[in-house]
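Everything below belongs to target_37.tsv, which stores TSV, C-alpha atoms.
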```tsv
chain	number	residue	atom	x	y	z
W	1353	MET	CA	-47.47	-18.17	47.21
W	1354	PRO	CA	-47.96	-14.61	45.82
W	1355	GLN	CA	-44.39	-13.77	46.85
W	1356	THR	CA	-43.09	-16.86	45.01
W	1357	LEU	CA	-45.05	-15.86	41.91
W	1358	ARG	CA	-43.60	-12.35	42.09
W	1359	ARG	CA	-40.09	-13.81	42.25
W	1360	ILE	CA	-40.77	-16.03	39.26
W	1361	GLY	CA	-42.15	-13.05	37.37
W	1362	PHE	CA	-39.06	-11.00	38.23
W	1363	VAL	CA	-36.76	-13.74	36.96
W	1364	LEU	CA	-38.74	-14.10	33.74
W	1365	CYS	CA	-38.60	-10.35	33.14
W	1366	ALA	CA	-34.86	-10.34	33.75
W	1367	LEU	CA	-34.35	-13.19	31.30
W	1368	ALA	CA	-36.60	-11.72	28.62
W	1369	PRO	CA	-34.06	-9.29	27.11
W	1370	CYS	CA	-31.50	-12.10	26.88
W	1371	ALA	CA	-34.01	-14.36	25.15
W	1372	VAL	CA	-34.91	-11.59	22.70
W	1373	ALA	CA	-31.23	-10.90	21.99
W	1374	GLN	CA	-30.55	-14.57	21.35
W	1375	ALA	CA	-33.51	-14.77	18.98
W	1376	GLN	CA	-32.30	-11.66	17.12
W	1377	THR	CA	-28.85	-13.18	16.81
W	1378	ALA	CA	-30.15	-16.50	15.55
W	1379	ASN	CA	-32.13	-14.76	12.77
W	1380	TYR	CA	-29.42	-12.22	11.93
W	1381	PRO	CA	-29.19	-10.80	9.37
W	1382	ALA	CA	-32.69	-10.84	7.96
W	1383	HIS	CA	-32.03	-8.04	5.47
W	1384	ALA	CA	-29.24	-5.82	4.12
W	1385	VAL	CA	-26.50	-4.54	6.44
W	1386	ALA	CA	-24.84	-1.12	6.05
W	1387	LEU	CA	-21.10	-0.97	6.66
W	1388	VAL	CA	-20.24	2.71	7.07
W	1389	VAL	CA	-16.80	4.04	6.14
W	1390	PRO	CA	-16.30	7.61	7.42
W	1391	TYR	CA	-13.82	8.42	4.62
W	1392	THR	CA	-13.83	8.70	0.84
W	1393	GLN	CA	-13.76	5.84	-1.63
W	1394	GLY	CA	-10.40	4.41	-2.64
W	1395	VAL	CA	-8.48	4.89	0.61
W	1396	SER	CA	-7.13	1.90	2.53
W	1397	ILE	CA	-10.01	1.63	4.99
W	1398	ASP	CA	-12.52	1.74	2.12
W	1399	ASN	CA	-10.70	-1.04	0.27
W	1400	ILE	CA	-10.64	-3.16	3.43
W	1401	ALA	CA	-14.33	-2.54	4.08
W	1402	ARG	CA	-15.30	-3.62	0.56
W	1403	LEU	CA	-13.21	-6.77	0.81
W	1404	VAL	CA	-14.76	-7.73	4.15
W	1405	ALA	CA	-18.28	-6.71	3.10
W	1406	ALA	CA	-18.21	-8.95	0.04
W	1407	ARG	CA	-17.21	-12.00	2.07
W	1408	LEU	CA	-19.68	-11.29	4.87
W	1409	ALA	CA	-22.43	-11.00	2.25
W	1410	GLU	CA	-21.49	-14.45	0.95
W	1411	ARG	CA	-21.57	-15.84	4.47
W	1412	TRP	CA	-24.81	-14.17	5.51
W	1413	LYS	CA	-26.69	-14.55	2.22
W	1414	GLN	CA	-27.69	-10.91	2.57
W	1415	PRO	CA	-26.28	-7.73	0.99
W	1416	VAL	CA	-23.60	-5.86	2.95
W	1417	VAL	CA	-23.51	-2.36	1.48
W	1418	VAL	CA	-20.48	-0.12	2.03
W	1419	GLU	CA	-21.65	3.45	2.60
W	1420	ASN	CA	-19.02	6.20	2.44
W	1421	LYS	CA	-19.88	9.12	4.71
W	1422	PRO	CA	-16.75	11.31	4.70
W	1423	GLY	CA	-16.26	14.71	6.28
W	1424	ALA	CA	-15.04	16.44	9.45
W	1425	SER	CA	-12.01	14.13	9.78
W	1426	GLY	CA	-14.25	11.08	9.93
W	1427	SER	CA	-16.70	12.48	12.45
W	1428	ILE	CA	-19.74	12.60	10.17
W	1429	GLY	CA	-19.83	8.90	9.37
W	1430	THR	CA	-18.76	7.93	12.88
W	1431	GLU	CA	-21.56	9.95	14.47
W	1432	PHE	CA	-24.03	8.40	12.02
W	1433	VAL	CA	-23.22	4.93	13.34
W	1434	ALA	CA	-23.18	6.11	16.96
W	1435	ARG	CA	-26.79	7.29	16.55
W	1436	ALA	CA	-27.96	4.19	14.64
W	1437	ALA	CA	-30.17	1.49	16.11
W	1438	PRO	CA	-28.13	-1.12	18.04
W	1439	ASP	CA	-29.45	-4.00	15.99
W	1440	GLY	CA	-26.40	-4.97	13.91
W	1441	TYR	CA	-27.72	-3.49	10.68
W	1442	THR	CA	-25.51	-0.39	10.78
W	1443	LEU	CA	-21.82	-1.02	11.46
W	1444	LEU	CA	-18.67	1.09	11.35
W	1445	MET	CA	-15.37	0.23	9.68
W	1446	THR	CA	-12.74	2.71	10.79
W	1447	VAL	CA	-9.07	3.31	11.47
W	1448	ASN	CA	-7.09	4.22	14.59
W	1449	THR	CA	-7.63	7.95	14.11
W	1450	PHE	CA	-10.89	7.04	15.88
W	1451	ALA	CA	-8.84	6.90	19.11
W	1452	MET	CA	-6.74	9.98	18.27
W	1453	ALA	CA	-9.57	12.39	17.48
W	1454	PRO	CA	-10.70	12.99	21.09
W	1455	ALA	CA	-7.24	14.37	21.94
W	1456	LEU	CA	-7.20	16.64	18.89
W	1457	PHE	CA	-10.71	18.07	18.79
W	1458	LYS	CA	-12.33	19.79	21.76
W	1459	LYS	CA	-15.83	18.77	20.79
W	1460	LEU	CA	-16.76	15.56	19.04
W	1461	PRO	CA	-20.34	14.51	18.25
W	1462	PHE	CA	-19.67	11.07	19.69
W	1463	ASP	CA	-17.91	9.35	22.58
W	1464	PRO	CA	-15.53	6.62	21.33
W	1465	VAL	CA	-16.18	4.50	24.42
W	1466	ALA	CA	-19.74	5.22	25.52
W	1467	ASP	CA	-21.28	5.28	22.03
W	1468	PHE	CA	-19.79	2.10	20.56
W	1469	ALA	CA	-19.55	-1.64	21.07
W	1470	PRO	CA	-16.18	-2.81	19.70
W	1471	VAL	CA	-16.49	-5.86	17.44
W	1472	GLY	CA	-12.85	-6.52	16.58
W	1473	ARG	CA	-9.73	-5.59	14.65
W	1474	VAL	CA	-9.38	-6.55	11.00
W	1475	ALA	CA	-5.84	-5.58	10.01
W	1476	VAL	CA	-2.77	-3.58	11.01
W	1477	SER	CA	-0.38	-1.45	8.96
W	1478	SER	CA	3.15	-0.66	10.13
W	1479	TYR	CA	5.07	2.59	9.77
W	1480	ALA	CA	8.69	3.24	8.83
W	1481	LEU	CA	11.12	5.90	10.01
W	1482	ALA	CA	12.75	7.20	6.83
W	1483	VAL	CA	15.48	9.74	6.14
W	1484	ASN	CA	16.92	11.45	3.12
W	1485	PRO	CA	20.29	9.64	2.98
W	1486	GLU	CA	22.13	12.65	1.55
W	1487	ARG	CA	20.82	15.25	3.98
W	1488	LEU	CA	20.82	13.00	7.07
W	1489	PRO	CA	23.40	10.27	6.35
W	1490	ALA	CA	22.52	7.89	9.17
W	1491	LYS	CA	23.16	4.24	8.32
W	1492	ASP	CA	21.05	2.91	11.21
W	1493	PHE	CA	18.77	4.05	14.02
W	1494	ALA	CA	21.58	4.38	16.55
W	1495	GLU	CA	23.49	6.71	14.24
W	1496	PHE	CA	20.28	8.65	13.58
W	1497	LEU	CA	19.86	9.26	17.30
W	1498	SER	CA	23.48	10.37	17.59
W	1499	LEU	CA	23.30	12.80	14.65
W	1500	VAL	CA	20.02	14.36	15.71
W	1501	LYS	CA	21.04	14.77	19.33
W	1502	ALA	CA	24.30	16.41	18.23
W	1503	LYS	CA	22.36	19.07	16.28
W	1504	PRO	CA	19.16	19.85	18.21
W	1505	GLY	CA	16.59	21.79	16.20
W	1506	GLN	CA	18.62	21.61	12.98
W	1507	PHE	CA	16.75	18.76	11.29
W	1508	ASN	CA	13.17	18.89	10.01
W	1509	TYR	CA	10.52	16.21	9.67
W	1510	CYS	CA	7.51	16.34	7.39
W	1511	THR	CA	3.93	15.13	7.77
W	1512	PRO	CA	0.72	15.37	5.70
W	1513	GLY	CA	-0.56	17.87	8.28
W	1514	ASN	CA	-1.02	18.77	11.92
W	1515	GLY	CA	-2.67	16.08	13.99
W	1516	THR	CA	-2.17	13.30	11.43
W	1517	PRO	CA	-1.02	9.85	12.59
W	1518	HIS	CA	2.38	10.64	11.05
W	1519	HIS	CA	2.62	13.71	13.29
W	1520	LEU	CA	1.62	11.90	16.47
W	1521	ALA	CA	3.98	9.02	15.65
W	1522	MET	CA	6.99	11.31	15.32
W	1523	GLU	CA	6.12	13.21	18.47
W	1524	LEU	CA	5.84	9.94	20.38
W	1525	MET	CA	9.30	8.95	19.18
W	1526	LYS	CA	10.71	12.39	19.98
W	1527	GLN	CA	9.32	12.28	23.51
W	1528	ARG	CA	10.58	8.79	24.18
W	1529	ALA	CA	14.07	9.34	22.68
W	1530	GLY	CA	14.54	12.94	23.83
W	1531	LEU	CA	14.92	14.40	20.33
W	1532	ASP	CA	14.56	17.96	19.03
W	1533	ILE	CA	13.38	17.81	15.39
W	1534	VAL	CA	11.30	20.59	13.82
W	1535	HIS	CA	7.86	19.73	12.42
W	1536	VAL	CA	7.02	20.89	8.88
W	1537	PRO	CA	3.36	20.14	8.11
W	1538	TYR	CA	2.15	19.84	4.51
W	1539	LYS	CA	-1.28	19.79	2.92
W	1540	GLY	CA	-1.20	16.10	2.13
W	1541	ALA	CA	1.31	13.28	1.78
W	1542	ALA	CA	2.39	13.94	-1.82
W	1543	GLY	CA	4.08	17.25	-1.11
W	1544	ALA	CA	5.69	15.94	2.06
W	1545	ILE	CA	7.19	12.93	0.30
W	1546	ALA	CA	8.38	15.05	-2.62
W	1547	ASP	CA	10.28	17.36	-0.28
W	1548	LEU	CA	11.71	14.43	1.68
W	1549	ILE	CA	13.10	13.03	-1.56
W	1550	GLY	CA	14.29	16.49	-2.59
W	1551	GLY	CA	16.04	17.08	0.71
W	1552	GLN	CA	14.05	20.14	1.82
W	1553	VAL	CA	13.15	18.05	4.87
W	1554	GLN	CA	15.21	15.19	6.20
W	1555	VAL	CA	12.93	12.84	8.16
W	1556	MET	CA	9.46	11.29	7.94
W	1557	ILE	CA	7.43	8.55	9.58
W	1558	ALA	CA	4.85	7.10	7.21
W	1559	PRO	CA	3.14	3.80	6.35
W	1560	ILE	CA	5.64	1.37	4.85
W	1561	PRO	CA	3.78	0.93	1.52
W	1562	THR	CA	3.76	4.71	1.01
W	1563	LEU	CA	7.54	5.04	1.12
W	1564	LEU	CA	8.64	1.56	0.03
W	1565	PRO	CA	9.16	2.37	-3.69
W	1566	HIS	CA	11.40	5.30	-2.73
W	1567	ALA	CA	13.34	3.15	-0.26
W	1568	ARG	CA	13.92	0.51	-2.93
W	1569	SER	CA	15.20	3.18	-5.34
W	1570	GLY	CA	17.57	4.54	-2.69
W	1571	ARG	CA	15.99	7.98	-2.57
W	1572	VAL	CA	15.07	7.45	1.10
W	1573	ARG	CA	16.50	5.09	3.69
W	1574	PHE	CA	14.45	3.09	6.20
W	1575	LEU	CA	16.01	3.01	9.67
W	1576	ALA	CA	13.30	1.30	11.74
W	1577	VAL	CA	9.75	0.00	11.46
W	1578	THR	CA	6.91	-0.28	13.92
W	1579	GLY	CA	5.29	-3.57	14.85
W	1580	GLU	CA	5.96	-6.60	16.99
W	1581	ALA	CA	8.39	-7.97	14.38
W	1582	ARG	CA	10.14	-6.89	11.22
W	1583	SER	CA	7.91	-6.19	8.26
W	1584	PRO	CA	7.72	-8.81	5.50
W	1585	GLN	CA	7.83	-5.88	3.08
W	1586	ALA	CA	11.21	-4.72	4.40
W	1587	PRO	CA	12.69	-7.64	6.35
W	1588	GLU	CA	16.17	-6.11	6.35
W	1589	VAL	CA	14.97	-3.15	8.45
W	1590	PRO	CA	14.98	-3.58	12.26
W	1591	ALA	CA	11.87	-3.02	14.31
W	1592	PHE	CA	11.89	-0.20	16.85
W	1593	ARG	CA	11.50	-2.77	19.60
W	1594	GLU	CA	14.95	-4.14	18.71
W	1595	PHE	CA	16.28	-0.84	20.03
W	1596	GLY	CA	14.22	-1.04	23.21
W	1597	MET	CA	11.45	1.21	21.86
W	1598	ASP	CA	8.48	-1.15	21.84
W	1599	ILE	CA	6.32	1.90	22.65
W	1600	MET	CA	6.44	2.58	18.90
W	1601	ASP	CA	4.26	-0.48	18.30
W	1602	ALA	CA	1.41	1.84	19.27
W	1603	VAL	CA	2.00	3.76	16.04
W	1604	ASP	CA	0.70	0.89	13.89
W	1605	SER	CA	-2.54	1.83	12.17
W	1606	TRP	CA	-5.32	-0.56	13.05
W	1607	PHE	CA	-8.46	-1.06	10.99
W	1608	ALA	CA	-11.49	-2.37	12.82
W	1609	MET	CA	-15.23	-2.86	13.06
W	1610	LEU	CA	-17.52	-1.36	15.68
W	1611	ALA	CA	-21.26	-1.42	16.33
W	1612	PRO	CA	-23.45	1.13	18.11
W	1613	ALA	CA	-23.47	0.96	21.90
W	1614	ARG	CA	-26.10	-1.29	23.44
W	1615	THR	CA	-25.85	-3.78	20.61
W	1616	PRO	CA	-26.67	-7.08	22.40
W	1617	ALA	CA	-23.58	-8.97	23.53
W	1618	PRO	CA	-24.61	-12.19	21.76
W	1619	LEU	CA	-24.88	-10.27	18.49
W	1620	VAL	CA	-21.47	-8.62	19.01
W	1621	GLN	CA	-19.97	-12.07	19.57
W	1622	ARG	CA	-21.69	-13.36	16.43
W	1623	LEU	CA	-20.27	-10.45	14.42
W	1624	ASN	CA	-16.81	-11.12	15.84
W	1625	GLN	CA	-17.00	-14.82	14.97
W	1626	ASP	CA	-18.09	-14.07	11.41
W	1627	LEU	CA	-15.34	-11.45	11.07
W	1628	HIS	CA	-12.81	-14.07	12.21
W	1629	ALA	CA	-14.19	-16.54	9.67
W	1630	VAL	CA	-13.78	-14.01	6.84
W	1631	LEU	CA	-10.22	-13.18	7.90
W	1632	ASP	CA	-9.36	-16.89	7.93
W	1633	ILE	CA	-10.06	-17.13	4.19
W	1634	PRO	CA	-6.65	-17.49	2.46
W	1635	GLU	CA	-7.64	-15.21	-0.42
W	1636	VAL	CA	-8.70	-12.45	1.98
W	1637	ARG	CA	-5.44	-12.70	3.90
W	1638	GLU	CA	-3.48	-12.64	0.64
W	1639	LEU	CA	-5.30	-9.55	-0.61
W	1640	LEU	CA	-4.71	-7.73	2.67
W	1641	THR	CA	-1.03	-8.66	2.60
W	1642	LYS	CA	-0.69	-7.31	-0.94
W	1643	GLN	CA	-1.93	-3.97	0.36
W	1644	GLY	CA	0.84	-3.93	2.96
W	1645	LEU	CA	-1.50	-4.98	5.76
W	1646	ARG	CA	-1.25	-7.72	8.37
W	1647	PRO	CA	-4.51	-9.55	9.13
W	1648	SER	CA	-5.00	-9.03	12.86
W	1649	VAL	CA	-8.06	-10.44	14.56
W	1650	SER	CA	-9.04	-9.77	18.16
W	1651	SER	CA	-11.87	-10.41	20.56
W	1652	PRO	CA	-14.28	-7.55	21.35
W	1653	GLU	CA	-12.75	-7.34	24.83
W	1654	GLU	CA	-9.18	-7.12	23.53
W	1655	PHE	CA	-10.14	-4.45	21.04
W	1656	ALA	CA	-12.02	-2.45	23.69
W	1657	ALA	CA	-8.91	-2.51	25.90
W	1658	GLN	CA	-6.79	-1.31	22.97
W	1659	ILE	CA	-9.12	1.62	22.34
W	1660	ARG	CA	-8.92	2.70	25.99
W	1661	SER	CA	-5.13	2.37	25.98
W	1662	ASP	CA	-4.81	4.37	22.75
W	1663	LEU	CA	-7.09	7.12	24.02
W	1664	ALA	CA	-4.91	7.62	27.08
W	1665	ARG	CA	-1.62	7.39	25.16
W	1666	TRP	CA	-2.51	9.86	22.42
W	1667	ALA	CA	-4.08	12.29	24.88
W	1668	LYS	CA	-0.71	12.50	26.66
W	1669	VAL	CA	1.31	12.80	23.42
W	1670	VAL	CA	-0.95	15.58	22.12
W	1671	ALA	CA	-0.92	17.45	25.43
W	1672	ASP	CA	2.85	17.19	25.91
W	1673	ALA	CA	3.57	18.30	22.33
W	1674	GLY	CA	0.87	20.97	22.20
W	1675	ILE	CA	-0.54	19.50	18.99
W	1676	THR	CA	-3.60	20.97	17.29
W	1677	ALA	CA	-5.34	19.49	14.25
W	1678	ASP	CA	-5.60	21.25	10.91
```
Encoded form using C-alpha cells:
Amino acid sequence: MPQTLRRIGFVLCALAPCAVAQAQTANYPAHAVALVVPYTQGVSIDNIARLVAARLAERWKQPVVVENKPGASGSIGTEFVARAAPDGYTLLMTVNTFAMAPALFKKLPFDPVADFAPVGRVAVSSYALAVNPERLPAKDFAEFLSLVKAKPGQFNYCTPGNGTPHHLAMELMKQRAGLDIVHVPYKGAAGAIADLIGGQVQVMIAPIPTLLPHARSGRVRFLAVTGEARSPQAPEVPAFREFGMDIMDAVDSWFAMLAPARTPAPLVQRLNQDLHAVLDIPEVRELLTKQGLRPSVSSPEEFAAQIRSDLARWAKVVADAGITAD
C-alpha cells in the first residue's frame, strides 16, 4: 500500500507542472504584455511589431506594449528577452539577423537556441539582385554570370556594411555560382544605393522595396529575386530558383516572434495560434503586403528548424568568406 501511494504521489508531482502551465495559459494574459523590438523605431521590424501588437491587444483585451531596446546590433534587446521570466509577458519580435549574429560576433550575451522558445514567423521580405545597366549591361541573370566570370575581380558590389544581410546574401551567391566580385562596404544603405545608381559600383543585393523605385525608373535593373516564387512587386523578374539556385531562398528576411526559453509549451502554442489569427485578418495581410512583405506563418517547430538551419548555413558562409562585422 505505501508503495502504491508513493507511485500515485510521483504521478501527481509529475503532472503538477503541466496543470499549472495549462492554468496559466487559460488565464493568459492577465495584464499588459511587452513586445520587445531590439532596433529603433520606424524600421520594418518595428512597424510589423506595432501592427501585430495592436491586433493582439484587441484579441487579448490587454495592452501589448512595443518596447524598443536598440543597440549592439540587436543584442541588447534580445538579451533582455532571453533573461526575462518565461511567462509570456515579455516577448521578442526580431528579424533573421538573429540567426546571423552568432557567426559574426565571437561573444554574444545570449544563445539563439538555448535561450529562446520560437513562437512563429510573421512575414518574409525578398531580395533582388540589381545592376547598374550602363556599367554592367547584363539583360538577364545568365548574361550576368557570363560577364562577371569573363572579368574576375573587375566588378564591385556594394552593401550597407560588413556583416549585413546584403553582404552575406552576395557572398552566398558568389560561393554557389563561383563568382569573383569585389565587396565595397558603405556606412548605410543610402550611400551604397547612390553609388550603384551613379555607377561607382555595379552590383547590389537588397530588399526589393528598397530598390524598386530605381528599377522602375531604369536607373538599376533587376536580374533575379529571392523567394519560392516571383515577387508580386516585380512579377516580370525571375526568381533565383528558376536558374537552379533555390539556395538563394535562404536570403529572404524573416520577421518572427520568440519567447524566453522554458516558456510552457501550452503557452507557446497559444501564442502561435493567436499570432496565426492576427495574420489571418485581411487588413493585416494587406498592410504587410503594402510594405513589400509576404505574410508567412509557421508552427513553433517549423520555425525552430529554420533557425537551426540558418545558423549552420550562415556560419559556413561567414567562415568561407572570412566575413567580420562592422
Can you build me a table of segment 1484-1556 of chain W residues sitting at most 8 Å from segment 1650-1673 of chain W, with the closest atom pair per residue and its distance in Å to one decimal, using only C-alpha atoms, sorted by chain and residue number, as a Markdown table?
```
| residue | atom | partner | partner_atom | distance |
| --- | --- | --- | --- | --- |
| W:Leu1520 | CA | W:Val1669 | CA | 7.0 |
| W:Glu1523 | CA | W:Ala1673 | CA | 6.9 |
| W:Leu1524 | CA | W:Val1669 | CA | 6.2 |
```
Inset, instruction - Determine the nearest neighbour of Val1483 of chain W from the options W:Met1525, W:Ala1567, W:Ala1455, W:Ala1405, counting all atoms listed in the file. - result: W:Ala1567
Inset, instruction - Determine, counting only C-alpha atoms, which protein, DNA and RNA residues have an atom within 9 Å of an atom of Leu1497 of chain W; residues of the same chain fewer than 6 positions away are not included. Present the result as a PyMOL selection string. - result: chain W and resi 1490+1529+1531
Inset, instruction - Tell me which of W:Glu1419, W:Val1603, W:Met1522, W:Val1395 sits closest to Gln1643 of chain W, counting only C-alpha atoms. - result: W:Val1395
Legend entry - Proximity to Ala1617 of chain W - best of W:Gln1393, W:Ser1569, W:Thr1676, W:Thr1377, all atoms listed in the file: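 Counting all atoms listed in the file, the residue closest to Ala1617 of chain W is W:Thr1377.
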Legend entry - Nearest to Leu1610 of chain W, chosen from W:Ala1451, W:Ile1560, W:Ala1541, W:Met1445, with only C-alpha atoms counted in the distances: W:Met1445
Legend entry - Atom-to-atom span, atom CA of Pro1537 of chain W and atom CA of Thr1516 of chain W, Å: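 Separation between atom CA of Pro1537 of chain W and atom CA of Thr1516 of chain W: 9.4 Å.
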Legend entry - Which of W:Ala1576, W:Thr1562, W:Lys1503, W:Ala1608 sits closest to Leu1387 of chain W [using only C-alpha atoms]: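 Using only C-alpha atoms, Leu1387 of chain W sits closest to W:Ala1608.
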Legend entry - Residue nearest Gly1596 of chain W among W:Glu1635, W:Ala1546, W:Gly1551, W:Phe1493 (counting all atoms listed in the file):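 Answer, going by the shortest atom-to-atom distance: W:Phe1493.
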Inset, instruction - Between atom CA of Gln1552 of chain W and atom CA of Thr1578 of chain W, measure the distance and give it in Å to one decimal. - result: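 Here the two named atoms are 24.8 Å from each other.
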Inset, instruction - Using atom CA of Asp1678 of chain W and atom CA of Pro1464 of chain W as the two end points, give the distance in Å to one decimal. - result: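 Between atom CA of Asp1678 of chain W and atom CA of Pro1464 of chain W the gap works out to 20.5 Å.
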Inset, instruction - Extract, using only C-alpha atoms, all DNA, RNA and protein residues at most 10 Å from Ala1424 of chain W, discarding same-chain residues fewer than 6 positions from it, and format them as a list of chain:residue names. - result: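 Skipping anything fewer than 6 positions along the chain leaves W:Pro1390, W:Tyr1391, W:Thr1430, W:Leu1460.
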Add whatever atoms are absent from segment 1484-1500 of chain W to reach N, CA, C and O atoms, and provide the output as a PDB file, keeping the file's coordinate frame.
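The file below, result00.pdb, is the result:
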```pdb
ATOM      1  N   ASN W1484      16.237  11.170   4.369  1.00  0.00           N
ATOM      2  CA  ASN W1484      16.920  11.450   3.120  1.00  0.00           C
ATOM      3  C   ASN W1484      18.392  11.121   3.343  1.00  0.00           C
ATOM      4  O   ASN W1484      19.048  11.759   4.169  1.00  0.00           O
ATOM      5  N   PRO W1485      18.945  10.117   2.648  1.00  0.00           N
ATOM      6  CA  PRO W1485      20.290   9.640   2.980  1.00  0.00           C
ATOM      7  C   PRO W1485      21.400  10.638   2.679  1.00  0.00           C
ATOM      8  O   PRO W1485      22.504  10.505   3.209  1.00  0.00           O
ATOM      9  N   GLU W1486      21.107  11.642   1.839  1.00  0.00           N
ATOM     10  CA  GLU W1486      22.130  12.650   1.550  1.00  0.00           C
ATOM     11  C   GLU W1486      22.114  13.771   2.567  1.00  0.00           C
ATOM     12  O   GLU W1486      23.180  14.291   2.933  1.00  0.00           O
ATOM     13  N   ARG W1487      20.935  14.132   3.044  1.00  0.00           N
ATOM     14  CA  ARG W1487      20.820  15.250   3.980  1.00  0.00           C
ATOM     15  C   ARG W1487      20.943  14.819   5.443  1.00  0.00           C
ATOM     16  O   ARG W1487      21.241  15.633   6.308  1.00  0.00           O
ATOM     17  N   LEU W1488      20.650  13.540   5.714  1.00  0.00           N
ATOM     18  CA  LEU W1488      20.820  13.000   7.070  1.00  0.00           C
ATOM     19  C   LEU W1488      21.410  11.602   6.897  1.00  0.00           C
ATOM     20  O   LEU W1488      20.684  10.619   6.853  1.00  0.00           O
ATOM     21  N   PRO W1489      22.745  11.514   6.784  1.00  0.00           N
ATOM     22  CA  PRO W1489      23.400  10.270   6.350  1.00  0.00           C
ATOM     23  C   PRO W1489      23.566   9.217   7.453  1.00  0.00           C
ATOM     24  O   PRO W1489      24.647   8.658   7.639  1.00  0.00           O
ATOM     25  N   ALA W1490      22.473   8.936   8.147  1.00  0.00           N
ATOM     26  CA  ALA W1490      22.520   7.890   9.170  1.00  0.00           C
ATOM     27  C   ALA W1490      22.353   6.530   8.508  1.00  0.00           C
ATOM     28  O   ALA W1490      21.463   6.331   7.689  1.00  0.00           O
ATOM     29  N   LYS W1491      23.226   5.595   8.882  1.00  0.00           N
ATOM     30  CA  LYS W1491      23.160   4.240   8.320  1.00  0.00           C
ATOM     31  C   LYS W1491      22.191   3.354   9.105  1.00  0.00           C
ATOM     32  O   LYS W1491      21.714   2.351   8.590  1.00  0.00           O
ATOM     33  N   ASP W1492      21.940   3.710  10.368  1.00  0.00           N
ATOM     34  CA  ASP W1492      21.050   2.910  11.210  1.00  0.00           C
ATOM     35  C   ASP W1492      20.412   3.825  12.252  1.00  0.00           C
ATOM     36  O   ASP W1492      20.712   5.023  12.340  1.00  0.00           O
ATOM     37  N   PHE W1493      19.523   3.250  13.052  1.00  0.00           N
ATOM     38  CA  PHE W1493      18.770   4.050  14.020  1.00  0.00           C
ATOM     39  C   PHE W1493      19.672   4.632  15.095  1.00  0.00           C
ATOM     40  O   PHE W1493      19.485   5.791  15.509  1.00  0.00           O
ATOM     41  N   ALA W1494      20.656   3.871  15.528  1.00  0.00           N
ATOM     42  CA  ALA W1494      21.580   4.380  16.550  1.00  0.00           C
ATOM     43  C   ALA W1494      22.332   5.611  16.048  1.00  0.00           C
ATOM     44  O   ALA W1494      22.500   6.603  16.771  1.00  0.00           O
ATOM     45  N   GLU W1495      22.782   5.565  14.803  1.00  0.00           N
ATOM     46  CA  GLU W1495      23.490   6.710  14.240  1.00  0.00           C
ATOM     47  C   GLU W1495      22.534   7.890  14.044  1.00  0.00           C
ATOM     48  O   GLU W1495      22.918   9.050  14.213  1.00  0.00           O
ATOM     49  N   PHE W1496      21.302   7.597  13.695  1.00  0.00           N
ATOM     50  CA  PHE W1496      20.280   8.650  13.580  1.00  0.00           C
ATOM     51  C   PHE W1496      20.127   9.393  14.909  1.00  0.00           C
ATOM     52  O   PHE W1496      20.138  10.635  14.944  1.00  0.00           O
ATOM     53  N   LEU W1497      19.994   8.635  15.993  1.00  0.00           N
ATOM     54  CA  LEU W1497      19.860   9.260  17.300  1.00  0.00           C
ATOM     55  C   LEU W1497      21.071  10.134  17.612  1.00  0.00           C
ATOM     56  O   LEU W1497      20.939  11.267  18.124  1.00  0.00           O
ATOM     57  N   SER W1498      22.242   9.638  17.303  1.00  0.00           N
ATOM     58  CA  SER W1498      23.480  10.370  17.590  1.00  0.00           C
ATOM     59  C   SER W1498      23.549  11.673  16.799  1.00  0.00           C
ATOM     60  O   SER W1498      23.867  12.738  17.361  1.00  0.00           O
ATOM     61  N   LEU W1499      23.227  11.614  15.507  1.00  0.00           N
ATOM     62  CA  LEU W1499      23.300  12.800  14.650  1.00  0.00           C
ATOM     63  C   LEU W1499      22.280  13.859  15.066  1.00  0.00           C
ATOM     64  O   LEU W1499      22.584  15.056  15.115  1.00  0.00           O
ATOM     65  N   VAL W1500      21.074  13.416  15.354  1.00  0.00           N
ATOM     66  CA  VAL W1500      20.020  14.360  15.710  1.00  0.00           C
ATOM     67  C   VAL W1500      20.289  15.009  17.063  1.00  0.00           C
ATOM     68  O   VAL W1500      20.103  16.234  17.240  1.00  0.00           O
TER      69      VAL W1500
END
```
